[in-house]
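Source file: data-v9.pdb. Holds: PDB, C-alpha atoms and all ligand atoms.
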```
ATOM      1  CA  MET A  98       3.532   7.889 -13.219  1.00  0.00           C
ATOM      2  CA  ALA A  99       2.670   4.873 -11.129  1.00  0.00           C
ATOM      3  CA  GLU A 100       4.878   4.048  -8.193  1.00  0.00           C
ATOM      4  CA  ARG A 101       5.726   0.857  -6.413  1.00  0.00           C
ATOM      5  CA  THR A 102       7.119   0.049  -3.003  1.00  0.00           C
ATOM      6  CA  ILE A 103      10.371  -1.902  -2.799  1.00  0.00           C
ATOM      7  CA  SER A 104      12.621  -2.946   0.086  1.00  0.00           C
ATOM      8  CA  CYS A 105      16.242  -1.837   0.208  1.00  0.00           C
ATOM      9  CA  GLY A 106      18.589  -4.811  -0.211  1.00  0.00           C
ATOM     10  CA  PHE A 107      20.991  -3.238   2.273  1.00  0.00           C
ATOM     11  CA  CYS A 108      19.000  -1.719   5.178  1.00  0.00           C
ATOM     12  CA  GLY A 109      15.696  -3.494   4.539  1.00  0.00           C
ATOM     13  CA  LYS A 110      13.534  -0.344   4.790  1.00  0.00           C
ATOM     14  CA  THR A 111      10.899   0.268   2.146  1.00  0.00           C
ATOM     15  CA  PHE A 112      10.660   3.190  -0.252  1.00  0.00           C
ATOM     16  CA  GLN A 113       8.828   4.219  -3.408  1.00  0.00           C
ATOM     17  CA  VAL A 114      10.273   4.025  -6.898  1.00  0.00           C
ATOM     18  CA  GLU A 115       8.773   4.914 -10.245  1.00  0.00           C
ATOM     19  CA  ASP A 116       7.359   2.073 -12.251  1.00  0.00           C
ATOM     20  CA  GLY A 117       9.713   0.647 -14.830  1.00  0.00           C
ATOM     21  CA  VAL A 118      13.083   1.613 -13.300  1.00  0.00           C
ATOM     22  CA  SER A 119      15.614  -1.204 -12.844  1.00  0.00           C
ATOM     23  CA  LYS A 120      17.898   0.417 -10.232  1.00  0.00           C
ATOM     24  CA  ALA A 121      17.256   2.880  -7.428  1.00  0.00           C
ATOM     25  CA  PHE A 122      19.067   4.534  -4.527  1.00  0.00           C
ATOM     26  CA  CYS A 123      17.571   3.877  -1.089  1.00  0.00           C
ATOM     27  CA  VAL A 124      16.167   7.080   0.414  1.00  0.00           C
ATOM     28  CA  HIS A 125      17.122   5.864   3.900  1.00  0.00           C
ATOM     29  CA  CYS A 126      20.727   4.662   3.549  1.00  0.00           C
ATOM     30  CA  GLY A 127      21.715   5.626   0.001  1.00  0.00           C
ATOM     31  CA  ALA A 128      22.618   2.090  -1.079  1.00  0.00           C
ATOM     32  CA  GLU A 129      21.934   1.153  -4.664  1.00  0.00           C
ATOM     33  CA  THR A 130      19.288  -1.516  -5.013  1.00  0.00           C
ATOM     34  CA  ILE A 131      18.378  -3.554  -8.076  1.00  0.00           C
ATOM     35  CA  VAL A 132      14.642  -3.322  -8.624  1.00  0.00           C
ATOM     36  CA  GLY A 133      13.393  -6.779  -9.562  1.00  0.00           C
ATOM     37  CA  GLU A 134      10.419  -7.680 -11.696  1.00  0.00           C
ATOM     38  CA  LYS A 135       7.053  -7.141 -10.085  1.00  0.00           C
ATOM     39  CA  THR A 136       5.724 -10.144  -8.230  1.00  0.00           C
ATOM     40  CA  ILE A 137       2.425 -11.650  -9.330  1.00  0.00           C
ATOM     41  CA  GLN A 138       0.867 -10.199  -6.155  1.00  0.00           C
ATOM     42  CA  GLU A 139       2.095  -6.694  -6.972  1.00  0.00           C
ATOM     43  CA  VAL A 140       0.608  -6.874 -10.444  1.00  0.00           C
ATOM     44  CA  LEU A 141      -2.704  -8.221  -9.167  1.00  0.00           C
ATOM     45  CA  ASP A 142      -2.844  -5.446  -6.551  1.00  0.00           C
ATOM     46  CA  GLU A 143      -3.305  -2.967  -9.350  1.00  0.00           C
ATOM     47  CA  ILE A 144      -6.186  -4.812 -10.960  1.00  0.00           C
ATOM     48  CA  TYR A 145      -9.545  -4.566  -9.234  1.00  0.00           C
ATOM     49  CA  GLU A 146     -11.974  -6.376 -11.481  1.00  0.00           C
ATOM     50  CA  PRO A 147     -12.261 -10.052 -10.515  1.00  0.00           C
ATOM     51  CA  LYS A 148     -12.450 -11.347 -14.079  1.00  0.00           C
ATOM     52  CA  LYS A 149      -9.309  -9.480 -15.117  1.00  0.00           C
ATOM     53  CA  ARG A 150      -7.497 -10.744 -12.029  1.00  0.00           C
ATOM     54  CA  TYR A 151      -8.570 -14.303 -12.839  1.00  0.00           C
ATOM     55  CA  ASN A 152      -7.427 -14.008 -16.443  1.00  0.00           C
ATOM     56  CA  TYR A 153      -4.069 -12.554 -15.526  1.00  0.00           C
ATOM     57  CA  LEU A 154      -3.409 -15.229 -12.924  1.00  0.00           C
ATOM     58  CA  GLU A 155      -4.458 -17.993 -15.305  1.00  0.00           C
ATOM     59  CA  GLU A 156      -2.102 -16.773 -18.039  1.00  0.00           C
ATOM     60  CA  TYR A 157       0.691 -16.421 -15.515  1.00  0.00           C
ATOM     61  CA  LEU A 158       0.169 -19.952 -14.211  1.00  0.00           C
ATOM     62  CA  GLU A 159       0.263 -21.382 -17.710  1.00  0.00           C
ATOM     63  CA  LYS A 160       3.753 -19.945 -18.100  1.00  0.00           C
ATOM     64  CA  ASN A 161       4.836 -20.589 -14.498  1.00  0.00           C
ATOM     65  CA  PRO A 162       2.979 -23.698 -13.327  1.00  0.00           C
ATOM     66  CA  GLU A 163       5.407 -24.278 -10.431  1.00  0.00           C
ATOM     67  CA  ASP A 164       5.211 -20.768  -8.947  1.00  0.00           C
ATOM     68  CA  GLU A 165       4.257 -21.348  -5.327  1.00  0.00           C
ATOM     69  CA  GLN A 166       2.802 -17.912  -4.671  1.00  0.00           C
ATOM     70  CA  ALA A 167       0.695 -18.008  -7.831  1.00  0.00           C
ATOM     71  CA  ASN A 168      -0.670 -21.437  -6.928  1.00  0.00           C
ATOM     72  CA  LEU A 169      -1.575 -20.223  -3.446  1.00  0.00           C
ATOM     73  CA  LEU A 170      -3.283 -17.216  -5.002  1.00  0.00           C
ATOM     74  CA  ALA A 171      -5.303 -19.474  -7.285  1.00  0.00           C
ATOM     75  CA  ASP A 172      -6.546 -21.371  -4.215  1.00  0.00           C
ATOM     76  CA  LEU A 173      -7.259 -18.111  -2.411  1.00  0.00           C
ATOM     77  CA  PHE A 174      -9.241 -16.755  -5.360  1.00  0.00           C
ATOM     78  CA  GLU A 175     -11.581 -19.749  -5.025  1.00  0.00           C
ATOM     79  CA  ILE A 176     -12.183 -18.688  -1.423  1.00  0.00           C
ATOM     80  CA  ARG A 177     -12.496 -14.972  -2.106  1.00  0.00           C
ATOM     81  CA  TYR A 178     -14.683 -15.054  -5.214  1.00  0.00           C
ATOM     82  CA  PHE A 179     -17.815 -16.985  -5.948  1.00  0.00           C
ATOM     83  CA  HIS A 180     -19.688 -17.432  -9.183  1.00  0.00           C
ATOM     84  CA  ARG A 181     -23.385 -17.219  -9.920  1.00  0.00           C
ATOM     85  CA  LYS A 182     -24.931 -17.120 -13.355  1.00  0.00           C
ATOM     86  CA  LYS A 183     -21.733 -16.097 -15.132  1.00  0.00           C
ATOM     87  CA  GLU A 184     -21.196 -13.265 -12.649  1.00  0.00           C
ATOM     88  CA  THR A 185     -18.253 -13.208 -10.271  1.00  0.00           C
ATOM     89  CA  PHE A 186     -18.823 -11.874  -6.761  1.00  0.00           C
ATOM     90  CA  ASP A 187     -16.255 -10.834  -4.199  1.00  0.00           C
ATOM     91  CA  GLY A 188     -16.879 -12.523  -0.841  1.00  0.00           C
ATOM     92  CA  PHE A 189     -14.178 -10.519   0.965  1.00  0.00           C
ATOM     93  CA  LEU A 190     -15.594  -7.234  -0.263  1.00  0.00           C
ATOM     94  CA  ARG A 191     -19.042  -8.374   0.798  1.00  0.00           C
ATOM     95  CA  LEU A 192     -17.801  -9.133   4.308  1.00  0.00           C
ATOM     96  CA  TRP A 193     -16.419  -5.603   4.589  1.00  0.00           C
ATOM     97  CA  PHE A 194     -19.521  -4.054   3.067  1.00  0.00           C
ATOM     98  CA  ASP A 195     -21.617  -5.866   5.687  1.00  0.00           C
ATOM     99  CA  MET A 196     -19.276  -4.586   8.438  1.00  0.00           C
ATOM    100  CA  VAL A 197     -19.775  -1.007   7.273  1.00  0.00           C
ATOM    101  CA  THR A 198     -23.538  -1.454   7.059  1.00  0.00           C
ATOM    102  CA  TYR A 199     -23.830  -3.013  10.513  1.00  0.00           C
ATOM    103  CA  ALA A 200     -21.481  -0.440  12.008  1.00  0.00           C
ATOM    104  CA  ARG A 201     -23.773   2.368  10.893  1.00  0.00           C
ATOM    105  CA  LYS A 202     -26.562   0.741  12.923  1.00  0.00           C
ATOM    106  CA  ARG A 203     -24.382  -0.312  15.850  1.00  0.00           C
ATOM    107  CA  ASP A 204     -26.521   1.382  18.526  1.00  0.00           C
ATOM    108  CA  LYS A 205     -28.827  -1.622  18.190  1.00  0.00           C
ATOM    109  CA  ALA A 206     -27.547  -4.620  20.139  1.00  0.00           C
ATOM    110  CA  LYS A 207     -28.839  -6.940  17.430  1.00  0.00           C
ATOM    111  CA  GLU A 208     -26.602  -5.372  14.791  1.00  0.00           C
ATOM    112  CA  LEU A 209     -23.519  -5.843  16.955  1.00  0.00           C
ATOM    113  CA  MET A 210     -24.509  -9.472  17.322  1.00  0.00           C
ATOM    114  CA  ASN A 211     -24.797  -9.698  13.543  1.00  0.00           C
ATOM    115  CA  ILE A 212     -21.273  -8.328  13.059  1.00  0.00           C
ATOM    116  CA  ARG A 213     -19.957 -10.751  15.596  1.00  0.00           C
ATOM    117  CA  ASN A 214     -21.659 -13.767  14.074  1.00  0.00           C
ATOM    118  CA  GLU A 215     -20.712 -12.929  10.526  1.00  0.00           C
ATOM    119  CA  ILE A 216     -17.035 -12.522  11.426  1.00  0.00           C
ATOM    120  CA  LYS A 217     -17.058 -15.711  13.432  1.00  0.00           C
ATOM    121  CA  ASP A 218     -18.726 -17.690  10.639  1.00  0.00           C
ATOM    122  CA  PHE A 219     -16.402 -16.235   8.043  1.00  0.00           C
ATOM    123  CA  PHE A 220     -13.162 -16.994   9.863  1.00  0.00           C
ATOM    124  CA  GLU A 221     -14.196 -20.341  11.248  1.00  0.00           C
ATOM    125  CA  GLU A 222     -15.290 -21.656   7.874  1.00  0.00           C
ATOM    126  CA  GLU A 223     -13.179 -24.668   6.937  1.00  0.00           C
ATOM    127  CA  LYS A 224     -11.926 -23.253   3.642  1.00  0.00           C
ATOM    128  CA  VAL A 225     -10.714 -20.007   5.214  1.00  0.00           C
ATOM    129  CA  ALA A 226      -9.266 -21.576   8.373  1.00  0.00           C
ATOM    130  CA  GLY A 227      -7.616 -24.378   6.392  1.00  0.00           C
ATOM    131  CA  PHE A 228      -6.039 -22.018   3.893  1.00  0.00           C
ATOM    132  CA  ARG A 229      -4.590 -19.779   6.606  1.00  0.00           C
ATOM    133  CA  ALA A 230      -3.256 -22.688   8.664  1.00  0.00           C
ATOM    134  CA  GLN A 231      -1.102 -24.224   5.911  1.00  0.00           C
ATOM    135  CA  SER A 232       1.841 -21.788   6.064  1.00  0.00           C
ATOM    136  CA  GLN A 233       2.968 -18.310   7.047  1.00  0.00           C
ATOM    137  CA  GLN A 234       3.048 -17.411   3.340  1.00  0.00           C
ATOM    138  CA  ALA A 235      -0.612 -18.418   3.017  1.00  0.00           C
ATOM    139  CA  GLU A 236      -1.513 -16.431   6.140  1.00  0.00           C
ATOM    140  CA  ASP A 237       0.247 -13.308   4.814  1.00  0.00           C
ATOM    141  CA  LEU A 238      -1.371 -13.722   1.406  1.00  0.00           C
ATOM    142  CA  PHE A 239      -4.796 -14.071   3.001  1.00  0.00           C
ATOM    143  CA  TRP A 240      -4.510 -10.753   4.858  1.00  0.00           C
ATOM    144  CA  HIS A 241      -3.028  -9.107   1.801  1.00  0.00           C
ATOM    145  CA  GLU A 242      -6.085 -10.105  -0.237  1.00  0.00           C
ATOM    146  CA  MET A 243      -8.407  -8.973   2.544  1.00  0.00           C
ATOM    147  CA  SER A 244      -6.642  -5.641   2.588  1.00  0.00           C
ATOM    148  CA  ASN A 245      -7.039  -5.446  -1.205  1.00  0.00           C
ATOM    149  CA  ALA A 246     -10.797  -6.020  -0.843  1.00  0.00           C
ATOM    150  CA  ILE A 247     -11.164  -3.326   1.820  1.00  0.00           C
ATOM    151  CA  GLU A 248      -9.100  -0.959  -0.300  1.00  0.00           C
ATOM    152  CA  LEU A 249     -11.465  -1.672  -3.155  1.00  0.00           C
ATOM    153  CA  TYR A 250     -14.325  -0.475  -0.959  1.00  0.00           C
ATOM    154  CA  TYR A 251     -12.598   2.856  -0.338  1.00  0.00           C
ATOM    155  CA  VAL A 252     -11.312   3.209  -3.901  1.00  0.00           C
ATOM    156  CA  SER A 253     -14.735   2.521  -5.352  1.00  0.00           C
ATOM    157  CA  SER A 254     -16.131   5.299  -3.191  1.00  0.00           C
ATOM    158  CA  LYS A 255     -14.313   7.733  -5.459  1.00  0.00           C
ATOM    159  CA  THR A 256     -14.170   6.016  -8.826  1.00  0.00           C
ATOM    160  CA  ASP A 257     -17.240   3.980  -9.454  1.00  0.00           C
ATOM    161  CA  ARG A 258     -16.673   1.543 -12.287  1.00  0.00           C
ATOM    162  CA  GLN A 259     -19.939  -0.455 -12.496  1.00  0.00           C
ATOM    163  CA  TYR A 260     -18.886  -1.765  -9.185  1.00  0.00           C
ATOM    164  CA  THR A 261     -19.819  -0.964  -5.665  1.00  0.00           C
ATOM    165  CA  SER A 262     -20.364   2.647  -4.820  1.00  0.00           C
ATOM    166  CA  SER A 263     -23.997   2.653  -5.855  1.00  0.00           C
ATOM    167  CA  PHE A 264     -24.591   0.274  -2.936  1.00  0.00           C
ATOM    168  CA  PHE A 265     -22.716   2.543  -0.632  1.00  0.00           C
ATOM    169  CA  ASN A 266     -24.692   5.653  -1.305  1.00  0.00           C
ATOM    170  CA  LEU A 267     -21.523   7.486  -2.165  1.00  0.00           C
ATOM    171  CA  PHE A 268     -21.856   7.969  -5.875  1.00  0.00           C
ATOM    172  CA  ARG A 269     -23.611  11.306  -5.891  1.00  0.00           C
ATOM    173  CA  MET A 270     -20.998  12.905  -3.707  1.00  0.00           C
ATOM    174  CA  LYS A 271     -17.883  14.615  -4.872  1.00  0.00           C
ATOM    175  CA  GLY A 272     -14.492  15.637  -3.486  1.00  0.00           C
ATOM    176  CA  ASP A 273     -14.415  16.391   0.222  1.00  0.00           C
ATOM    177  CA  ALA A 274     -17.820  14.873   0.954  1.00  0.00           C
ATOM    178  CA  VAL A 275     -16.693  11.463  -0.288  1.00  0.00           C
ATOM    179  CA  VAL A 276     -13.429  11.312   1.632  1.00  0.00           C
ATOM    180  CA  THR A 277     -15.172  12.658   4.753  1.00  0.00           C
ATOM    181  CA  LYS A 278     -17.761   9.909   4.577  1.00  0.00           C
ATOM    182  CA  ALA A 279     -15.150   7.229   3.836  1.00  0.00           C
ATOM    183  CA  ALA A 280     -13.066   8.434   6.822  1.00  0.00           C
ATOM    184  CA  LYS A 281     -16.177   8.168   8.997  1.00  0.00           C
ATOM    185  CA  ASP A 282     -16.605   4.571   7.822  1.00  0.00           C
ATOM    186  CA  VAL A 283     -13.069   3.772   8.959  1.00  0.00           C
ATOM    187  CA  VAL A 284     -13.829   5.154  12.415  1.00  0.00           C
ATOM    188  CA  THR A 285     -17.290   3.651  12.831  1.00  0.00           C
ATOM    189  CA  THR A 286     -16.330   0.168  11.641  1.00  0.00           C
ATOM    190  CA  GLY A 287     -13.328   0.339  13.963  1.00  0.00           C
ATOM    191  CA  VAL A 288     -15.554   1.407  16.858  1.00  0.00           C
ATOM    192  CA  ALA A 289     -18.087  -1.311  16.110  1.00  0.00           C
ATOM    193  CA  LEU A 290     -15.487  -4.055  15.633  1.00  0.00           C
ATOM    194  CA  LEU A 291     -13.563  -3.139  18.751  1.00  0.00           C
ATOM    195  CA  SER A 292     -16.644  -2.815  20.935  1.00  0.00           C
ATOM    196  CA  LEU A 293     -17.733  -6.409  20.335  1.00  0.00           C
ATOM    197  CA  CYS A 294     -18.125  -8.283  23.564  1.00  0.00           C
ATOM    198  CA  GLU A 295     -15.727 -10.915  22.304  1.00  0.00           C
ATOM    199  CA  LYS A 296     -12.634  -9.265  20.884  1.00  0.00           C
ATOM    200  CA  THR A 297     -10.622 -11.499  18.598  1.00  0.00           C
ATOM    201  CA  GLU A 298      -7.426 -11.274  16.565  1.00  0.00           C
ATOM    202  CA  TYR A 299      -9.663 -10.722  13.524  1.00  0.00           C
ATOM    203  CA  THR A 300     -11.475  -7.672  14.826  1.00  0.00           C
ATOM    204  CA  GLU A 301      -8.199  -5.924  15.679  1.00  0.00           C
ATOM    205  CA  LYS A 302      -6.577  -6.946  12.417  1.00  0.00           C
ATOM    206  CA  LEU A 303      -9.579  -5.831  10.338  1.00  0.00           C
ATOM    207  CA  THR A 304      -9.584  -2.455  12.073  1.00  0.00           C
ATOM    208  CA  GLU A 305      -5.892  -1.992  11.424  1.00  0.00           C
ATOM    209  CA  ILE A 306      -6.009  -2.946   7.736  1.00  0.00           C
ATOM    210  CA  SER A 307      -9.097  -0.826   7.174  1.00  0.00           C
ATOM    211  CA  ARG A 308      -7.149   2.253   8.248  1.00  0.00           C
ATOM    212  CA  GLY A 309      -4.240   1.270   5.979  1.00  0.00           C
ATOM    213  CA  ALA A 310      -6.530   0.568   3.019  1.00  0.00           C
ATOM    214  CA  PHE A 311      -8.286   3.926   3.441  1.00  0.00           C
ATOM    215  CA  LEU A 312      -4.945   5.765   3.444  1.00  0.00           C
ATOM    216  CA  LYS A 313      -3.816   3.858   0.377  1.00  0.00           C
ATOM    217  CA  ALA A 314      -7.007   4.823  -1.445  1.00  0.00           C
ATOM    218  CA  TYR A 315      -6.780   8.409  -0.167  1.00  0.00           C
ATOM    219  CA  PRO A 316      -3.102   9.343   0.262  1.00  0.00           C
ATOM    220  CA  ASP A 317      -4.160  12.735   1.689  1.00  0.00           C
ATOM    221  CA  GLY A 318      -6.779  11.155   3.921  1.00  0.00           C
ATOM    222  CA  LEU A 319      -5.033  11.352   7.300  1.00  0.00           C
ATOM    223  CA  SER A 320      -6.471  14.742   8.268  1.00  0.00           C
ATOM    224  CA  TYR A 321      -9.956  13.508   7.326  1.00  0.00           C
ATOM    225  CA  TYR A 322      -9.437  10.416   9.437  1.00  0.00           C
ATOM    226  CA  ASN A 323      -8.243  12.500  12.389  1.00  0.00           C
ATOM    227  CA  ALA A 324     -11.231  14.829  12.024  1.00  0.00           C
ATOM    228  CA  ALA A 325     -13.652  11.877  11.947  1.00  0.00           C
ATOM    229  CA  LEU A 326     -11.949  10.373  14.989  1.00  0.00           C
ATOM    230  CA  SER A 327     -12.062  13.544  17.065  1.00  0.00           C
ATOM    231  CA  GLU A 328     -15.690  14.063  16.082  1.00  0.00           C
ATOM    232  CA  TRP A 329     -16.423  10.562  17.375  1.00  0.00           C
ATOM    233  CA  LEU A 330     -14.437  11.138  20.584  1.00  0.00           C
ATOM    234  CA  GLN A 331     -16.661  14.147  21.307  1.00  0.00           C
ATOM    235  CA  SER A 332     -19.868  12.228  20.655  1.00  0.00           C
ATOM    236  CA  ASP A 333     -21.835  10.605  23.500  1.00  0.00           C
ATOM    237  CA  GLU A 334     -20.629   7.193  22.407  1.00  0.00           C
ATOM    238  CA  GLY A 335     -17.005   8.345  22.303  1.00  0.00           C
ATOM    239  CA  LYS A 336     -17.269   9.956  25.751  1.00  0.00           C
ATOM    240  CA  ARG A 337     -18.779   6.799  27.221  1.00  0.00           C
ATOM    241  CA  ALA A 338     -16.010   4.677  25.667  1.00  0.00           C
ATOM    242  CA  GLN A 339     -13.300   6.939  27.104  1.00  0.00           C
ATOM    243  CA  ALA A 340     -14.933   6.981  30.555  1.00  0.00           C
ATOM    244  CA  GLY A 341     -15.099   3.172  30.416  1.00  0.00           C
ATOM    245  CA  ALA A 342     -11.430   2.903  29.473  1.00  0.00           C
ATOM    246  CA  GLU A 343     -10.420   5.274  32.283  1.00  0.00           C
ATOM    247  CA  ALA A 344     -12.481   3.339  34.803  1.00  0.00           C
ATOM    248  CA  ALA A 345     -10.854   0.093  33.682  1.00  0.00           C
ATOM    249  CA  GLU A 346      -7.429   1.651  34.008  1.00  0.00           C
ATOM    250  CA  ALA A 347      -8.233   2.994  37.486  1.00  0.00           C
ATOM    251  CA  ALA A 348      -9.482  -0.431  38.551  1.00  0.00           C
ATOM    252  CA  GLU A 349      -6.224  -1.972  37.353  1.00  0.00           C
ATOM    253  CA  ILE A 350      -4.167   0.503  39.358  1.00  0.00           C
ATOM    254  CA  THR A 351      -6.229  -0.158  42.505  1.00  0.00           C
ATOM    255  CA  GLU A 352      -5.775  -3.890  42.148  1.00  0.00           C
ATOM    256  CA  GLU A 353      -1.977  -3.638  42.052  1.00  0.00           C
TER     257      GLU A 353
HETATM  258 ZN    ZN A 401      18.638   1.309   2.526  1.00  0.00          ZN
END
```

Encoded form (C-alpha cells):
Amino acid sequence: MAERTISCGFCGKTFQVEDGVSKAFCVHCGAETIVGEKTIQEVLDEIYEPKKRYNYLEEYLEKNPEDEQANLLADLFEIRYFHRKKETFDGFLRLWFDMVTYARKRDKAKELMNIRNEIKDFFEEEKVAGFRAQSQQAEDLFWHEMSNAIELYYVSSKTDRQYTSSFFNLFRMKGDAVVTKAAKDVVTTGVALLSLCEKTEYTEKLTEISRGAFLKAYPDGLSYYNAALSEWLQSDEGKRAQAGAEAAEAAEITEE
C-alpha cells in the first residue's frame, strides 16, 4: 500500500501513514492527528508523466480556480516543461541529465565549464529568477519540482516507461547494477558540482536534493551510496580533494 508523509499537529515531526486513512497516532509523541486531504502537490508528486500532470492540474484548477498553490504550479509548469511538435519535454529533467553527463567527463576542464555555464544560464534566466523571487511559497515549490525531476531521473533508472533510461544507458542493467550505477551518479554529480570554481547556493542545493531524490527512489540505497562515496574517496581524485581540504584547514589554523 502506498504511504504518505504527514506532520504531527502536536509536535510537528513528520511520519508515514498509509494512504486513505483519516486519523493517525504520531510515532514520535503519540498524539492523534487528523490526516487531511492530499494537497495538489502531493498528488502531482506521484504522477511522473508531464501530460498526466498537466491534465490533473487543469481539472483541479477548473474546480478550484482560486487555489494559490495550484496557480503557482501552473506557472511553474510553464517554466519546467516546453512543447515541441505535440511532445512535452521536461526542462528540469534535462538540466539534471546534462549535469550527470558532464560529471562523467569532469576530468576535462571544458566539461566543468559547461556545467558551470549551464547552471548559471538556467538560474539567471528571467522566468526562473522571477518565479523564485515572488514569494517563499514559490521558492519552496520551485525546489520541490526540481527535486521531483531529479527523482524522476533515478526512478526511471529502474522502471523505464518510454521515458528516459534509454538515454542513460541503464536499461539493460538489473537489480544491484542499476542502483550501484545510480549511487555513483549521485556521488559524481556532487563531486563535479561542488568542485566548480565558483560555488553557488544552487550547486550545494542541487547536490543535497540529488541525494534525497536518490534515497526516495531507492529506499534501501544508503549502503550503495556509502559504497560509491568510499570508492570515490579512495580514488586519486578523492585523495587529492581530501589533501586539498586538509591543506586549507591547516592554512586557516596557521592564520589564526
Ligand atoms: Zn507528534

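Counting only C-alpha atoms and all ligand atoms and comparing A:Leu290, A:Ala226, A:Cys108, A:Leu170, the residue that lies closest to ligand ZN 401 (chain A) is A:Cys108.
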
Item to complete: Could you pull out the residues sitting within 12 Å of ligand ZN 401 (chain A), using all atoms listed in the file, and write them as a ChimeraX atom specification?
Response: /A:103-113,121-131

Considering all atoms listed in the file, tabulate each residue of segment 153-189 of chain A that lies at most 12 Å from segment 240-256 of chain A along with its nearest interatomic pair and the corresponding distance in Å to one decimal; arrange the rows by chain and ascending residue number and present them as a Markdown table.
```
| residue | atom | partner | partner_atom | distance |
| --- | --- | --- | --- | --- |
| A:Leu169 | CA | A:Glu242 | CA | 11.5 |
| A:Leu170 | CA | A:Glu242 | CA | 9.0 |
| A:Ala171 | CA | A:Glu242 | CA | 11.8 |
| A:Asp172 | CA | A:Glu242 | CA | 12.0 |
| A:Leu173 | CA | A:Glu242 | CA | 8.4 |
| A:Phe174 | CA | A:Glu242 | CA | 9.0 |
| A:Ile176 | CA | A:Glu242 | CA | 10.6 |
| A:Arg177 | CA | A:Glu242 | CA | 8.3 |
| A:Tyr178 | CA | A:Ala246 | CA | 10.8 |
| A:Phe186 | CA | A:Ala246 | CA | 11.6 |
| A:Asp187 | CA | A:Ala246 | CA | 8.0 |
| A:Gly188 | CA | A:Ala246 | CA | 8.9 |
| A:Phe189 | CA | A:Ala246 | CA | 5.9 |
```

Residues of the last selection are to be written out with C-alpha atoms, as a CSV table (one decimal), keeping the file's coordinate frame.
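Contents of the output file part32.csv:
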```csv
chain,number,residue,atom,x,y,z
A,169,LEU,CA,-1.6,-20.2,-3.4
A,170,LEU,CA,-3.3,-17.2,-5.0
A,171,ALA,CA,-5.3,-19.5,-7.3
A,172,ASP,CA,-6.5,-21.4,-4.2
A,173,LEU,CA,-7.3,-18.1,-2.4
A,174,PHE,CA,-9.2,-16.8,-5.4
A,176,ILE,CA,-12.2,-18.7,-1.4
A,177,ARG,CA,-12.5,-15.0,-2.1
A,178,TYR,CA,-14.7,-15.1,-5.2
A,186,PHE,CA,-18.8,-11.9,-6.8
A,187,ASP,CA,-16.3,-10.8,-4.2
A,188,GLY,CA,-16.9,-12.5,-0.8
A,189,PHE,CA,-14.2,-10.5,1.0
```

Discussion item. For Thr297 of chain A, find every residue with an atom within 10 Å (counting all atoms listed in the file), except residues of its own chain fewer than 6 positions away, and show them as a ChimeraX atom specification.
Written reply: /A:213,216-217,290-291

Kindly resolve the PyMOL selection byres (((chain A and resi 132-143) around 6) and not hetatm) on the present coordinates and return the residues as a PDB file with C-alpha atoms, in the coordinates of the input.
```pdb
ATOM      1  CA  SER A 119      15.614  -1.204 -12.844  1.00  0.00           C
ATOM      2  CA  LYS A 120      17.898   0.417 -10.232  1.00  0.00           C
ATOM      3  CA  ILE A 131      18.378  -3.554  -8.076  1.00  0.00           C
ATOM      4  CA  ILE A 144      -6.186  -4.812 -10.960  1.00  0.00           C
TER       5      ILE A 144
END
```

Worksheet item: Any idea what the distance is between atom CA of Val225 of chain A and atom CA of Phe179 of chain A?
Response: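 Spanning atom CA of Val225 of chain A to atom CA of Phe179 of chain A is a straight-line distance of 13.6 Å.
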
Worksheet entry | Interatomic distance, atom CA of Val284 of chain A to atom CA of Met196 of chain A (Å, one decimal) | 11.8 Å

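Across the model, the gap from atom CA of Glu208 of chain A to atom CA of Gln331 of chain A is 22.9 Å.
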
Could you give me, as a tab-separated table, a per-residue list for segment 148-203 of chain A showing, wherever an atom lies at most 12 Å from an atom of segment 304-309 of chain A, the closest pair of atoms and their distance in Å to one decimal, using only C-alpha atoms and sorting by chain then residue number from low to high?
```
residue	atom	partner	partner_atom	distance
A:Leu190	CA	A:Ser307	CA	11.8
A:Trp193	CA	A:Ser307	CA	9.1
A:Phe194	CA	A:Ser307	CA	11.7
A:Met196	CA	A:Thr304	CA	10.6
A:Val197	CA	A:Ser307	CA	10.7
```

Next, write the just-selected residues to a file, as a compact mmCIF listing (two decimals), keeping the file's coordinate frame, keeping C-alpha atoms as the atom set.
```txt
# COMPACT_ATOMS: atom_id res chain seq x y z
CA LEU A 190 -15.59 -7.23 -0.26
CA TRP A 193 -16.42 -5.60 4.59
CA PHE A 194 -19.52 -4.05 3.07
CA MET A 196 -19.28 -4.59 8.44
CA VAL A 197 -19.77 -1.01 7.27
```

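Proximity ranking of A:Asp218, A:Asp237, A:Asp273, A:Asp333 relative to Leu192 of chain A places A:Asp218 first, based on all atoms listed in the file.
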
Draw an axis-aligned box over all listed atoms of segment 104-108 of chain A, pad each side with 4 Å, and write its centre and edge lengths in Å, one decimal, as AutoDock Vina command-line options.
```
--center_x 16.8 --center_y -3.3 --center_z 2.5 --size_x 16.4 --size_y 11.1 --size_z 13.4
```

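Around Asp282 of chain A, within 10 Å and counting all atoms listed in the file, the residues found are Met196, Val197, Thr198, Ala200, Arg201, Tyr251, Val276, Thr277, Lys278, Ala279, Ala280, Val284, Thr285, Thr286, Gly287, Val288, Ser307, Arg308, Phe311, Tyr322 and Ala325 of chain A, once anything fewer than 2 positions away on its own chain is removed.
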
Fill in: Matched chain/residue IDs from the PyMOL selection byres (((chain A and resi 101) around 8) and not hetatm), as a list in words
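Applying the expression gives Ala99, Glu100, Thr102, Ile103, Gln113, Val114, Glu115 and Asp116 of chain A.
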
Worksheet entry | Counting all atoms listed in the file, the residue of A:Ala340, A:Ala324, A:Leu154, A:Tyr299 that sits nearest Glu221 of chain A | A:Tyr299

Worksheet entry | Distance query Leu330 of chain A at most 9 Å, all atoms listed in the file, self and fewer than 6 positions along chain excluded, as a PyMOL selection string | chain A and resi 336+338-339
